[in-house]
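Engineer: Contents of data36.pdb (PDB, C-alpha atoms, pLDDT in the B column) are below:
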ATOM      1  CA  MET O   1     -32.595-218.232 -74.762  1.00 49.00           C
ATOM      2  CA  ALA O   2     -33.534-218.219 -78.442  1.00 57.00           C
ATOM      3  CA  GLU O   3     -36.646-216.130 -78.517  1.00 88.00           C
ATOM      4  CA  MET O   4     -36.912-212.388 -78.946  1.00 95.00           C
ATOM      5  CA  VAL O   5     -37.963-210.325 -75.928  1.00 96.00           C
ATOM      6  CA  THR O   6     -39.691-207.092 -76.908  1.00 97.00           C
ATOM      7  CA  ARG O   7     -41.095-204.026 -75.203  1.00 97.00           C
ATOM      8  CA  SER O   8     -42.520-200.847 -76.631  1.00 98.00           C
ATOM      9  CA  LEU O   9     -43.633-197.469 -75.390  1.00 97.00           C
ATOM     10  CA  VAL O  10     -45.450-194.434 -76.758  1.00 97.00           C
ATOM     11  CA  ALA O  11     -44.752-191.470 -74.512  1.00 95.00           C
ATOM     12  CA  ALA O  12     -45.340-187.741 -74.433  1.00 92.00           C
ATOM     13  CA  VAL O  13     -42.207-185.706 -75.033  1.00 91.00           C
ATOM     14  CA  SER O  14     -41.616-184.676 -71.415  1.00 90.00           C
ATOM     15  CA  LEU O  15     -39.055-185.030 -68.642  1.00 88.00           C
ATOM     16  CA  GLU O  16     -41.203-187.654 -66.926  1.00 89.00           C
ATOM     17  CA  SER O  17     -41.012-189.875 -70.004  1.00 93.00           C
ATOM     18  CA  VAL O  18     -37.286-190.340 -69.435  1.00 92.00           C
ATOM     19  CA  GLU O  19     -38.260-192.079 -66.195  1.00 92.00           C
ATOM     20  CA  ALA O  20     -40.806-194.176 -68.106  1.00 95.00           C
ATOM     21  CA  VAL O  21     -38.028-195.280 -70.479  1.00 96.00           C
ATOM     22  CA  TYR O  22     -35.907-196.347 -67.523  1.00 94.00           C
ATOM     23  CA  ASP O  23     -38.827-198.296 -66.050  1.00 94.00           C
ATOM     24  CA  LEU O  24     -39.492-200.004 -69.400  1.00 97.00           C
ATOM     25  CA  LEU O  25     -35.855-201.094 -69.546  1.00 97.00           C
ATOM     26  CA  GLY O  26     -36.248-202.530 -66.049  1.00 95.00           C
ATOM     27  CA  SER O  27     -39.078-204.838 -67.037  1.00 95.00           C
ATOM     28  CA  TRP O  28     -37.215-205.815 -70.236  1.00 97.00           C
ATOM     29  CA  TRP O  29     -34.075-206.792 -68.301  1.00 96.00           C
ATOM     30  CA  ASP O  30     -36.168-208.910 -65.956  1.00 93.00           C
ATOM     31  CA  GLU O  31     -37.432-210.978 -68.871  1.00 94.00           C
ATOM     32  CA  LEU O  32     -34.134-211.050 -70.770  1.00 94.00           C
ATOM     33  CA  GLY O  33     -32.505-212.728 -67.808  1.00 89.00           C
ATOM     34  CA  ASP O  34     -28.771-212.874 -67.382  1.00 90.00           C
ATOM     35  CA  VAL O  35     -27.257-209.871 -69.191  1.00 94.00           C
ATOM     36  CA  ALA O  36     -23.669-209.003 -68.215  1.00 95.00           C
ATOM     37  CA  PRO O  37     -23.779-205.929 -65.942  1.00 95.00           C
ATOM     38  CA  ARG O  38     -21.366-203.952 -68.094  1.00 95.00           C
ATOM     39  CA  THR O  39     -23.479-204.602 -71.222  1.00 97.00           C
ATOM     40  CA  ARG O  40     -26.659-203.743 -69.393  1.00 96.00           C
ATOM     41  CA  PHE O  41     -25.301-200.501 -67.921  1.00 97.00           C
ATOM     42  CA  ALA O  42     -23.838-199.404 -71.239  1.00 97.00           C
ATOM     43  CA  PHE O  43     -27.030-200.059 -73.188  1.00 98.00           C
ATOM     44  CA  GLU O  44     -29.199-198.465 -70.507  1.00 97.00           C
ATOM     45  CA  THR O  45     -26.979-195.393 -70.428  1.00 98.00           C
ATOM     46  CA  ALA O  46     -27.181-194.900 -74.200  1.00 98.00           C
ATOM     47  CA  VAL O  47     -30.957-195.432 -74.347  1.00 98.00           C
ATOM     48  CA  VAL O  48     -31.600-192.934 -71.547  1.00 97.00           C
ATOM     49  CA  GLU O  49     -29.254-190.396 -73.199  1.00 97.00           C
ATOM     50  CA  ILE O  50     -31.093-190.624 -76.517  1.00 97.00           C
ATOM     51  CA  ALA O  51     -34.465-190.290 -74.756  1.00 97.00           C
ATOM     52  CA  GLY O  52     -33.124-187.181 -73.025  1.00 95.00           C
ATOM     53  CA  ASN O  53     -31.815-185.831 -76.320  1.00 94.00           C
ATOM     54  CA  ILE O  54     -35.225-186.267 -77.980  1.00 93.00           C
ATOM     55  CA  VAL O  55     -36.927-184.408 -75.133  1.00 92.00           C
ATOM     56  CA  GLU O  56     -34.375-181.577 -75.115  1.00 88.00           C
ATOM     57  CA  HIS O  57     -34.347-181.225 -78.887  1.00 84.00           C
ATOM     58  CA  SER O  58     -38.143-181.072 -79.166  1.00 80.00           C
ATOM     59  CA  VAL O  59     -38.474-178.544 -76.381  1.00 75.00           C
ATOM     60  CA  ALA O  60     -35.733-176.351 -77.863  1.00 75.00           C
ATOM     61  CA  ALA O  61     -37.005-176.602 -81.444  1.00 71.00           C
ATOM     62  CA  GLN O  62     -40.706-175.935 -81.237  1.00 68.00           C
ATOM     63  CA  GLY O  63     -42.140-176.879 -77.889  1.00 69.00           C
ATOM     64  CA  ALA O  64     -43.073-180.378 -76.910  1.00 68.00           C
ATOM     65  CA  ASP O  65     -46.819-179.881 -76.369  1.00 76.00           C
ATOM     66  CA  GLY O  66     -48.783-182.740 -77.832  1.00 82.00           C
ATOM     67  CA  ARG O  67     -45.692-184.438 -79.254  1.00 88.00           C
ATOM     68  CA  HIS O  68     -44.877-188.083 -78.689  1.00 91.00           C
ATOM     69  CA  PHE O  69     -42.039-190.450 -79.290  1.00 95.00           C
ATOM     70  CA  THR O  70     -41.977-194.211 -79.568  1.00 97.00           C
ATOM     71  CA  LEU O  71     -39.391-196.651 -78.261  1.00 98.00           C
ATOM     72  CA  ALA O  72     -39.134-200.298 -79.316  1.00 98.00           C
ATOM     73  CA  LEU O  73     -36.787-202.673 -77.488  1.00 98.00           C
ATOM     74  CA  GLN O  74     -35.781-206.025 -78.968  1.00 98.00           C
ATOM     75  CA  GLY O  75     -33.389-208.471 -77.384  1.00 97.00           C
ATOM     76  CA  ASP O  76     -32.260-212.036 -77.886  1.00 95.00           C
ATOM     77  CA  ALA O  77     -29.269-214.126 -76.897  1.00 92.00           C
ATOM     78  CA  ARG O  78     -26.963-212.238 -79.283  1.00 94.00           C
ATOM     79  CA  LEU O  79     -28.124-208.650 -79.582  1.00 96.00           C
ATOM     80  CA  LEU O  80     -29.875-205.812 -77.783  1.00 98.00           C
ATOM     81  CA  ARG O  81     -31.594-203.256 -79.988  1.00 98.00           C
ATOM     82  CA  ALA O  82     -33.526-200.042 -79.294  1.00 98.00           C
ATOM     83  CA  THR O  83     -35.307-197.893 -81.875  1.00 98.00           C
ATOM     84  CA  PHE O  84     -36.687-194.429 -81.136  1.00 98.00           C
ATOM     85  CA  GLN O  85     -38.940-192.507 -83.496  1.00 97.00           C
ATOM     86  CA  ASP O  86     -40.378-189.010 -83.161  1.00 93.00           C
ATOM     87  CA  ASP O  87     -41.953-186.415 -85.425  1.00 88.00           C
ATOM     88  CA  ALA O  88     -40.075-183.324 -84.263  1.00 86.00           C
ATOM     89  CA  GLN O  89     -37.992-181.184 -86.634  1.00 84.00           C
ATOM     90  CA  PRO O  90     -34.993-183.023 -88.134  1.00 88.00           C
ATOM     91  CA  ALA O  91     -32.211-183.207 -85.553  1.00 84.00           C
ATOM     92  CA  GLU O  92     -29.672-182.058 -88.205  1.00 83.00           C
ATOM     93  CA  LEU O  93     -26.644-183.598 -86.626  1.00 89.00           C
ATOM     94  CA  ASP O  94     -23.595-185.493 -87.745  1.00 92.00           C
ATOM     95  CA  LEU O  95     -22.787-188.222 -85.240  1.00 94.00           C
ATOM     96  CA  SER O  96     -19.324-188.667 -86.759  1.00 94.00           C
ATOM     97  CA  ALA O  97     -18.487-185.114 -85.623  1.00 95.00           C
ATOM     98  CA  VAL O  98     -19.544-185.643 -81.993  1.00 95.00           C
ATOM     99  CA  THR O  99     -16.735-185.374 -79.439  1.00 95.00           C
ATOM    100  CA  MET O 100     -16.678-185.615 -75.651  1.00 96.00           C
ATOM    101  CA  ALA O 101     -16.994-182.275 -73.830  1.00 95.00           C
ATOM    102  CA  ASP O 102     -14.052-180.991 -71.773  1.00 94.00           C
ATOM    103  CA  ALA O 103     -13.869-181.968 -68.125  1.00 91.00           C
ATOM    104  CA  ASP O 104     -15.041-178.555 -66.904  1.00 92.00           C
ATOM    105  CA  SER O 105     -18.073-178.358 -69.209  1.00 95.00           C
ATOM    106  CA  GLU O 106     -21.451-178.704 -67.549  1.00 93.00           C
ATOM    107  CA  ASP O 107     -23.172-180.101 -70.636  1.00 93.00           C
ATOM    108  CA  GLY O 108     -22.526-181.511 -74.106  1.00 92.00           C
ATOM    109  CA  ARG O 109     -21.740-185.093 -73.057  1.00 96.00           C
ATOM    110  CA  GLY O 110     -24.975-186.902 -73.873  1.00 96.00           C
ATOM    111  CA  LEU O 111     -24.416-188.018 -77.461  1.00 96.00           C
ATOM    112  CA  ALA O 112     -20.714-188.702 -76.952  1.00 97.00           C
ATOM    113  CA  LEU O 113     -21.560-190.862 -73.943  1.00 97.00           C
ATOM    114  CA  ALA O 114     -24.214-192.743 -75.928  1.00 98.00           C
ATOM    115  CA  LEU O 115     -21.751-193.324 -78.777  1.00 97.00           C
ATOM    116  CA  ALA O 116     -19.094-194.581 -76.373  1.00 97.00           C
ATOM    117  CA  SER O 117     -21.547-196.943 -74.682  1.00 97.00           C
ATOM    118  CA  VAL O 118     -23.002-199.013 -77.530  1.00 97.00           C
ATOM    119  CA  ASP O 119     -21.606-200.898 -80.538  1.00 97.00           C
ATOM    120  CA  THR O 120     -23.830-199.056 -83.003  1.00 98.00           C
ATOM    121  CA  LEU O 121     -25.663-195.747 -82.781  1.00 98.00           C
ATOM    122  CA  GLU O 122     -27.293-194.404 -85.934  1.00 97.00           C
ATOM    123  CA  TYR O 123     -29.552-191.470 -86.639  1.00 97.00           C
ATOM    124  CA  ARG O 124     -31.587-190.808 -89.780  1.00 96.00           C
ATOM    125  CA  TYR O 125     -34.506-188.628 -90.814  1.00 95.00           C
ATOM    126  CA  GLU O 126     -37.011-190.549 -92.896  1.00 95.00           C
ATOM    127  CA  ASN O 127     -40.601-189.880 -93.951  1.00 94.00           C
ATOM    128  CA  GLY O 128     -40.890-186.942 -91.596  1.00 92.00           C
ATOM    129  CA  ARG O 129     -39.545-188.821 -88.604  1.00 94.00           C
ATOM    130  CA  ASN O 130     -36.335-188.812 -86.606  1.00 94.00           C
ATOM    131  CA  ILE O 131     -35.174-192.403 -86.172  1.00 97.00           C
ATOM    132  CA  TRP O 132     -32.489-193.473 -83.709  1.00 98.00           C
ATOM    133  CA  SER O 133     -31.164-197.046 -83.711  1.00 98.00           C
ATOM    134  CA  LEU O 134     -28.938-198.423 -80.971  1.00 98.00           C
ATOM    135  CA  GLU O 135     -27.339-201.859 -80.811  1.00 98.00           C
ATOM    136  CA  CYS O 136     -25.203-203.709 -78.305  1.00 97.00           C
ATOM    137  CA  ARG O 137     -23.855-207.206 -78.846  1.00 96.00           C
ATOM    138  CA  ARG O 138     -24.188-209.463 -75.837  1.00 92.00           C
ATOM    139  CA  GLU O 139     -20.874-210.905 -74.753  1.00 70.00           C
TER     140      GLU O 139
ATOM    141  CA  MET N   1     -37.754-187.206 -57.388  1.00 59.00           C
ATOM    142  CA  LEU N   2     -34.417-187.691 -55.751  1.00 78.00           C
ATOM    143  CA  ASP N   3     -34.320-187.854 -51.931  1.00 91.00           C
ATOM    144  CA  LEU N   4     -31.255-186.531 -50.186  1.00 94.00           C
ATOM    145  CA  ASP N   5     -29.830-187.098 -46.691  1.00 96.00           C
ATOM    146  CA  ILE N   6     -27.424-184.584 -45.188  1.00 96.00           C
ATOM    147  CA  ASP N   7     -24.913-185.552 -42.549  1.00 96.00           C
ATOM    148  CA  VAL N   8     -22.874-182.774 -40.947  1.00 96.00           C
ATOM    149  CA  ARG N   9     -19.518-184.110 -39.765  1.00 95.00           C
ATOM    150  CA  GLU N  10     -16.636-182.371 -37.986  1.00 92.00           C
ATOM    151  CA  ASN N  11     -14.523-182.235 -41.116  1.00 93.00           C
ATOM    152  CA  GLY N  12     -17.151-181.764 -43.790  1.00 95.00           C
ATOM    153  CA  ARG N  13     -20.654-182.484 -44.977  1.00 97.00           C
ATOM    154  CA  VAL N  14     -21.939-185.681 -46.522  1.00 98.00           C
ATOM    155  CA  VAL N  15     -24.770-185.551 -49.033  1.00 98.00           C
ATOM    156  CA  ARG N  16     -26.384-188.898 -49.774  1.00 98.00           C
ATOM    157  CA  PRO N  17     -28.808-188.927 -52.695  1.00 97.00           C
ATOM    158  CA  HIS N  18     -31.159-191.871 -53.181  1.00 96.00           C
ATOM    159  CA  GLY N  19     -32.361-192.866 -56.617  1.00 94.00           C
ATOM    160  CA  ARG N  20     -31.390-191.917 -60.156  1.00 95.00           C
ATOM    161  CA  LEU N  21     -29.466-188.769 -60.980  1.00 96.00           C
ATOM    162  CA  THR N  22     -30.861-187.857 -64.400  1.00 94.00           C
ATOM    163  CA  MET N  23     -32.179-184.877 -66.320  1.00 92.00           C
ATOM    164  CA  VAL N  24     -35.314-185.185 -64.188  1.00 91.00           C
ATOM    165  CA  SER N  25     -33.514-184.749 -60.870  1.00 94.00           C
ATOM    166  CA  ALA N  26     -30.255-182.983 -61.824  1.00 95.00           C
ATOM    167  CA  ARG N  27     -31.477-179.421 -61.305  1.00 94.00           C
ATOM    168  CA  PRO N  28     -32.981-179.848 -57.799  1.00 95.00           C
ATOM    169  CA  PHE N  29     -29.932-181.954 -56.845  1.00 97.00           C
ATOM    170  CA  ARG N  30     -27.592-179.183 -57.958  1.00 97.00           C
ATOM    171  CA  GLU N  31     -29.568-176.574 -56.009  1.00 97.00           C
ATOM    172  CA  ARG N  32     -29.534-178.620 -52.813  1.00 96.00           C
ATOM    173  CA  VAL N  33     -25.839-179.427 -53.022  1.00 97.00           C
ATOM    174  CA  THR N  34     -25.026-175.774 -53.777  1.00 97.00           C
ATOM    175  CA  GLU N  35     -26.796-174.866 -50.509  1.00 97.00           C
ATOM    176  CA  GLU N  36     -24.680-177.425 -48.661  1.00 97.00           C
ATOM    177  CA  ILE N  37     -21.489-176.102 -50.243  1.00 97.00           C
ATOM    178  CA  ALA N  38     -22.376-172.609 -48.970  1.00 97.00           C
ATOM    179  CA  ALA N  39     -23.182-173.984 -45.499  1.00 96.00           C
ATOM    180  CA  ALA N  40     -19.909-175.922 -45.415  1.00 96.00           C
ATOM    181  CA  SER N  41     -17.924-172.637 -45.562  1.00 94.00           C
ATOM    182  CA  GLY N  42     -14.896-174.110 -47.291  1.00 95.00           C
ATOM    183  CA  ALA N  43     -15.009-177.572 -45.704  1.00 96.00           C
ATOM    184  CA  PRO N  44     -15.315-180.458 -48.168  1.00 97.00           C
ATOM    185  CA  VAL N  45     -18.703-181.710 -49.307  1.00 98.00           C
ATOM    186  CA  VAL N  46     -18.792-185.432 -50.005  1.00 98.00           C
ATOM    187  CA  VAL N  47     -21.436-186.843 -52.332  1.00 98.00           C
ATOM    188  CA  ASP N  48     -22.043-190.416 -51.194  1.00 98.00           C
ATOM    189  CA  LEU N  49     -23.163-192.202 -54.373  1.00 98.00           C
ATOM    190  CA  SER N  50     -23.692-195.623 -52.820  1.00 97.00           C
ATOM    191  CA  ASP N  51     -27.463-195.400 -53.343  1.00 97.00           C
ATOM    192  CA  VAL N  52     -27.367-193.857 -56.825  1.00 97.00           C
ATOM    193  CA  ALA N  53     -27.889-196.761 -59.212  1.00 94.00           C
ATOM    194  CA  PHE N  54     -27.870-194.658 -62.365  1.00 96.00           C
ATOM    195  CA  ILE N  55     -26.518-191.337 -63.601  1.00 97.00           C
ATOM    196  CA  ASP N  56     -26.843-189.659 -67.015  1.00 97.00           C
ATOM    197  CA  SER N  57     -25.032-186.744 -68.651  1.00 97.00           C
ATOM    198  CA  SER N  58     -27.297-184.207 -66.904  1.00 96.00           C
ATOM    199  CA  GLY N  59     -26.360-185.720 -63.553  1.00 97.00           C
ATOM    200  CA  LEU N  60     -22.689-185.535 -64.507  1.00 98.00           C
ATOM    201  CA  GLY N  61     -23.171-181.886 -65.476  1.00 97.00           C
ATOM    202  CA  ALA N  62     -24.654-181.176 -62.042  1.00 98.00           C
ATOM    203  CA  LEU N  63     -21.634-182.779 -60.346  1.00 98.00           C
ATOM    204  CA  VAL N  64     -19.202-180.732 -62.473  1.00 98.00           C
ATOM    205  CA  ALA N  65     -21.143-177.533 -61.674  1.00 98.00           C
ATOM    206  CA  CYS N  66     -21.065-178.336 -57.949  1.00 98.00           C
ATOM    207  CA  LEU N  67     -17.329-179.080 -58.086  1.00 98.00           C
ATOM    208  CA  LYS N  68     -16.681-175.690 -59.680  1.00 97.00           C
ATOM    209  CA  THR N  69     -18.873-173.897 -57.124  1.00 97.00           C
ATOM    210  CA  ALA N  70     -17.101-175.634 -54.250  1.00 97.00           C
ATOM    211  CA  ARG N  71     -13.618-174.836 -55.537  1.00 97.00           C
ATOM    212  CA  GLN N  72     -14.502-171.217 -56.272  1.00 96.00           C
ATOM    213  CA  GLY N  73     -15.504-170.916 -52.616  1.00 95.00           C
ATOM    214  CA  GLY N  74     -12.232-172.404 -51.422  1.00 96.00           C
ATOM    215  CA  GLY N  75     -13.771-175.788 -50.661  1.00 96.00           C
ATOM    216  CA  ASP N  76     -13.976-179.093 -52.468  1.00 97.00           C
ATOM    217  CA  LEU N  77     -16.519-181.607 -53.728  1.00 97.00           C
ATOM    218  CA  ARG N  78     -15.605-185.274 -53.481  1.00 97.00           C
ATOM    219  CA  LEU N  79     -17.403-188.366 -54.668  1.00 98.00           C
ATOM    220  CA  ALA N  80     -17.588-191.560 -52.666  1.00 98.00           C
ATOM    221  CA  ALA N  81     -18.714-195.142 -53.241  1.00 98.00           C
ATOM    222  CA  PRO N  82     -19.936-194.943 -56.857  1.00 98.00           C
ATOM    223  CA  SER N  83     -21.967-197.853 -58.219  1.00 96.00           C
ATOM    224  CA  GLU N  84     -20.806-199.844 -61.239  1.00 96.00           C
ATOM    225  CA  GLN N  85     -22.851-197.787 -63.724  1.00 97.00           C
ATOM    226  CA  VAL N  86     -21.642-194.502 -62.227  1.00 98.00           C
ATOM    227  CA  THR N  87     -18.022-195.722 -62.343  1.00 98.00           C
ATOM    228  CA  MET N  88     -18.438-196.745 -65.987  1.00 97.00           C
ATOM    229  CA  VAL N  89     -19.945-193.388 -66.981  1.00 98.00           C
ATOM    230  CA  LEU N  90     -17.266-191.390 -65.122  1.00 98.00           C
ATOM    231  CA  GLY N  91     -14.654-193.381 -67.043  1.00 97.00           C
ATOM    232  CA  LEU N  92     -16.274-193.036 -70.484  1.00 97.00           C
ATOM    233  CA  THR N  93     -16.536-189.262 -70.051  1.00 97.00           C
ATOM    234  CA  ASN N  94     -13.011-188.914 -68.559  1.00 96.00           C
ATOM    235  CA  LEU N  95     -14.585-187.211 -65.552  1.00 97.00           C
ATOM    236  CA  ASP N  96     -12.965-189.729 -63.215  1.00 96.00           C
ATOM    237  CA  ARG N  97      -9.818-187.613 -63.633  1.00 94.00           C
ATOM    238  CA  VAL N  98     -11.387-184.476 -62.152  1.00 94.00           C
ATOM    239  CA  LEU N  99     -14.062-185.926 -59.901  1.00 94.00           C
ATOM    240  CA  ARG N 100     -11.773-188.727 -58.683  1.00 90.00           C
ATOM    241  CA  PRO N 101     -14.212-190.934 -56.759  1.00 97.00           C
ATOM    242  CA  ARG N 102     -13.068-192.519 -53.482  1.00 97.00           C
ATOM    243  CA  ALA N 103     -14.100-195.974 -52.321  1.00 97.00           C
ATOM    244  CA  SER N 104     -15.714-194.783 -49.088  1.00 97.00           C
ATOM    245  CA  VAL N 105     -17.143-191.674 -47.449  1.00 97.00           C
ATOM    246  CA  GLN N 106     -14.410-191.758 -44.811  1.00 96.00           C
ATOM    247  CA  GLU N 107     -11.706-191.837 -47.460  1.00 96.00           C
ATOM    248  CA  ALA N 108     -13.345-188.895 -49.213  1.00 97.00           C
ATOM    249  CA  LEU N 109     -13.586-186.880 -45.989  1.00 95.00           C
ATOM    250  CA  ASP N 110      -9.934-187.592 -45.243  1.00 93.00           C
ATOM    251  CA  GLY N 111      -9.034-186.190 -48.665  1.00 84.00           C
TER     252      GLY N 111
END
Using structure tokens, write down the structure from this file.
Structural biologist:
Amino acid sequence: MAEMVTRSLVAAVSLESVEAVYDLLGSWWDELGDVAPRTRFAFETAVVEIAGNIVEHSVAAQGADGRHFTLALQGDARLLRATFQDDAQPAELDLSAVTMADADSEDGRGLALALASVDTLEYRYENGRNIWSLECRRE
Amino acid sequence: MLDLDIDVRENGRVVRPHGRLTMVSARPFRERVTEEIAAASGAPVVVDLSDVAFIDSSGLGALVACLKTARQGGGDLRLAAPSEQVTMVLGLTNLDRVLRPRASVQEALDG
């Protein structure tokens, strides 16, 4: 398969949108065809974690009313890529300092799990927007 | 929202959620399982994950919270039959060491 398969979504910053992200991934996988299960699960896990992080961060920072985020998915025979953008306050985080929470912690695993799942996870704040880029190479 | 079946056995209770265990469903899941832990009065509660295709960090947090509640009450929480994604996520977060999933519900009930 040589061509690029794309999907995109504009969604309100809300819990329900995390489900919409999962559903979007579902239709993308269907068209991408034969992705190794481990690659698929890992990418899906990271994308859903970042969606959850955007929702949590917006709600905690200034309320999510009226706010939206976008998600663009791009995949071909070599690479899977997801890009999130939102206009909430800067996330102010250093991904290189993220570590996995202890076994008895009830939270604090999301970003560490996303980092462990994909080949590349990058965050930047640019032109008033938070931008998250995730990449997984297909085996 | 996540549906949940409850099966009361002689040697414990089996909770079988259906669907995805994510930040959308983690809180109601935790509340329901906490009720079952109380009703089990120290007997083990098994979470049968065979119909949970996907879990995120909020779902993991709910399982850790339920494990702590169960142990504080003198009982236990055991996982059974995790899917491939759930197994992967338990491994990446090192939670497979504390939540130690069993291959089947029967194995989990037997301890």
Engineer: Pick out the residues sitting within 9 Å of His68 of chain O, and hand them over as JSON, numbers by chain; count all atoms listed in the file, and ignore anything fewer than 5 positions along from it in its own chain.
Structural biologist: {"O": [10, 11, 12, 13, 14, 85, 86, 87, 88]}
Engineer: For segment 118-133 of chain O, find every residue with an atom within 9 Å (counting all atoms listed in the file), except residues of its own chain fewer than 6 positions away, and show them as a tab-separated table (two decimals) with C-alpha atoms, keeping the file's coordinate frame.
Structural biologist:
chain	number	residue	atom	x	y	z
O	39	THR	CA	-23.48	-204.60	-71.22
O	42	ALA	CA	-23.84	-199.40	-71.24
O	43	PHE	CA	-27.03	-200.06	-73.19
O	45	THR	CA	-26.98	-195.39	-70.43
O	46	ALA	CA	-27.18	-194.90	-74.20
O	50	ILE	CA	-31.09	-190.62	-76.52
O	81	ARG	CA	-31.59	-203.26	-79.99
O	82	ALA	CA	-33.53	-200.04	-79.29
O	83	THR	CA	-35.31	-197.89	-81.88
O	84	PHE	CA	-36.69	-194.43	-81.14
O	85	GLN	CA	-38.94	-192.51	-83.50
O	86	ASP	CA	-40.38	-189.01	-83.16
O	87	ASP	CA	-41.95	-186.42	-85.42
O	88	ALA	CA	-40.08	-183.32	-84.26
O	89	GLN	CA	-37.99	-181.18	-86.63
O	90	PRO	CA	-34.99	-183.02	-88.13
O	91	ALA	CA	-32.21	-183.21	-85.55
O	92	GLU	CA	-29.67	-182.06	-88.20
O	93	LEU	CA	-26.64	-183.60	-86.63
O	94	ASP	CA	-23.60	-185.49	-87.74
O	95	LEU	CA	-22.79	-188.22	-85.24
Engineer: Evaluate the PyMOL selection byres ((chain N) within 12 of (chain O)) against this structure - the residues, as a PyMOL selection string, please.
Structural biologist: chain N and resi 1-2+19-27+30+53-69+83-100
Engineer: Please measure the separation of atom CA of Gly74 of chain N and atom CA of Val45 of chain N, giving the value in Å to one decimal.
Structural biologist: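 Atom CA of Gly74 of chain N sits 11.5 Å away from atom CA of Val45 of chain N.
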Engineer: Which of these, N:Val14, N:Ile37, N:Ile6, N:Ala43, has the shortest distance to Ala80 of chain N once you count only C-alpha atoms?
Structural biologist: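 Counting only C-alpha atoms, the residue closest to Ala80 of chain N is N:Val14.
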Engineer: Work out how far atom CA of Asp65 of chain O is from atom CA of Leu134 of chain O, in Å to one decimal.
Structural biologist: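 Distance reported for this atom pair: 26.2 Å.
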Engineer: Which is closest to Asn11 of chain N among N:Gly42, N:Leu79, N:Gln72, N:Asp51, if we use all atoms listed in the file?
Structural biologist: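 Looking at the shortest contact to Asn11 of chain N, the residue is N:Gly42.
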Engineer: Skip Ala81 of chain N itself and residues of its chain fewer than 6 positions away, then list as a list of chain:residue names all residues within 8 Å of it, counting only C-alpha atoms.
Structural biologist: N:Asp48, N:Leu49, N:Ser50, N:Pro101, N:Arg102, N:Ala103, N:Ser104, N:Val105
Engineer: Hey, can you check how far atom CA of Leu25 of chain O sits from atom CA of Val59 of chain O?
Structural biologist: 23.7 Å
Engineer: Using all atoms listed in the file for the distances, tell me which of N:Arg9, N:Arg78, N:Arg71, N:Arg32 is nearest to Val47 of chain N.
Structural biologist: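 For Val47 of chain N, the nearest of the given residues is N:Arg78.
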Engineer: Quick one: which residues end up in the PyMOL selection byres ((chain O and resi 80) around 6) for this structure, as a count of residues only?
Structural biologist: 5
Engineer: Please supply segment 57-69 of chain N, rebuilt with N, CA and C atoms, as an mmCIF file, in the frame of the given file.
Structural biologist:
data_model
loop_
_atom_site.group_PDB
_atom_site.id
_atom_site.type_symbol
_atom_site.label_atom_id
_atom_site.label_comp_id
_atom_site.auth_asym_id
_atom_site.auth_seq_id
_atom_site.Cartn_x
_atom_site.Cartn_y
_atom_site.Cartn_z
ATOM 1 N N SER N 57 -25.915 -187.885 -68.414
ATOM 2 C CA SER N 57 -25.032 -186.744 -68.651
ATOM 3 C C SER N 57 -25.509 -185.486 -67.921
ATOM 4 N N SER N 58 -26.808 -185.356 -67.676
ATOM 5 C CA SER N 58 -27.297 -184.207 -66.904
ATOM 6 C C SER N 58 -26.836 -184.299 -65.453
ATOM 7 N N GLY N 59 -26.858 -185.510 -64.912
ATOM 8 C CA GLY N 59 -26.360 -185.720 -63.553
ATOM 9 C C GLY N 59 -24.875 -185.416 -63.453
ATOM 10 N N LEU N 60 -24.130 -185.839 -64.477
ATOM 11 C CA LEU N 60 -22.689 -185.535 -64.507
ATOM 12 C C LEU N 60 -22.467 -184.023 -64.554
ATOM 13 N N GLY N 61 -23.279 -183.343 -65.368
ATOM 14 C CA GLY N 61 -23.171 -181.886 -65.476
ATOM 15 C C GLY N 61 -23.406 -181.212 -64.135
ATOM 16 N N ALA N 62 -24.372 -181.736 -63.374
ATOM 17 C CA ALA N 62 -24.654 -181.176 -62.042
ATOM 18 C C ALA N 62 -23.457 -181.366 -61.116
ATOM 19 N N LEU N 63 -22.808 -182.532 -61.203
ATOM 20 C CA LEU N 63 -21.634 -182.779 -60.346
ATOM 21 C C LEU N 63 -20.480 -181.839 -60.729
ATOM 22 N N VAL N 64 -20.267 -181.635 -62.027
ATOM 23 C CA VAL N 64 -19.202 -180.732 -62.473
ATOM 24 C C VAL N 64 -19.494 -179.305 -61.993
ATOM 25 N N ALA N 65 -20.759 -178.876 -62.115
ATOM 26 C CA ALA N 65 -21.143 -177.533 -61.674
ATOM 27 C C ALA N 65 -20.896 -177.371 -60.173
ATOM 28 N N CYS N 66 -21.252 -178.394 -59.402
ATOM 29 C CA CYS N 66 -21.065 -178.336 -57.949
ATOM 30 C C CYS N 66 -19.574 -178.315 -57.586
ATOM 31 N N LEU N 67 -18.781 -179.084 -58.323
ATOM 32 C CA LEU N 67 -17.329 -179.080 -58.086
ATOM 33 C C LEU N 67 -16.761 -177.680 -58.306
ATOM 34 N N LYS N 68 -17.188 -177.033 -59.377
ATOM 35 C CA LYS N 68 -16.681 -175.690 -59.680
ATOM 36 C C LYS N 68 -17.103 -174.693 -58.595
ATOM 37 N N THR N 69 -18.369 -174.795 -58.174
ATOM 38 C CA THR N 69 -18.873 -173.897 -57.124
ATOM 39 C C THR N 69 -18.072 -174.087 -55.834
#
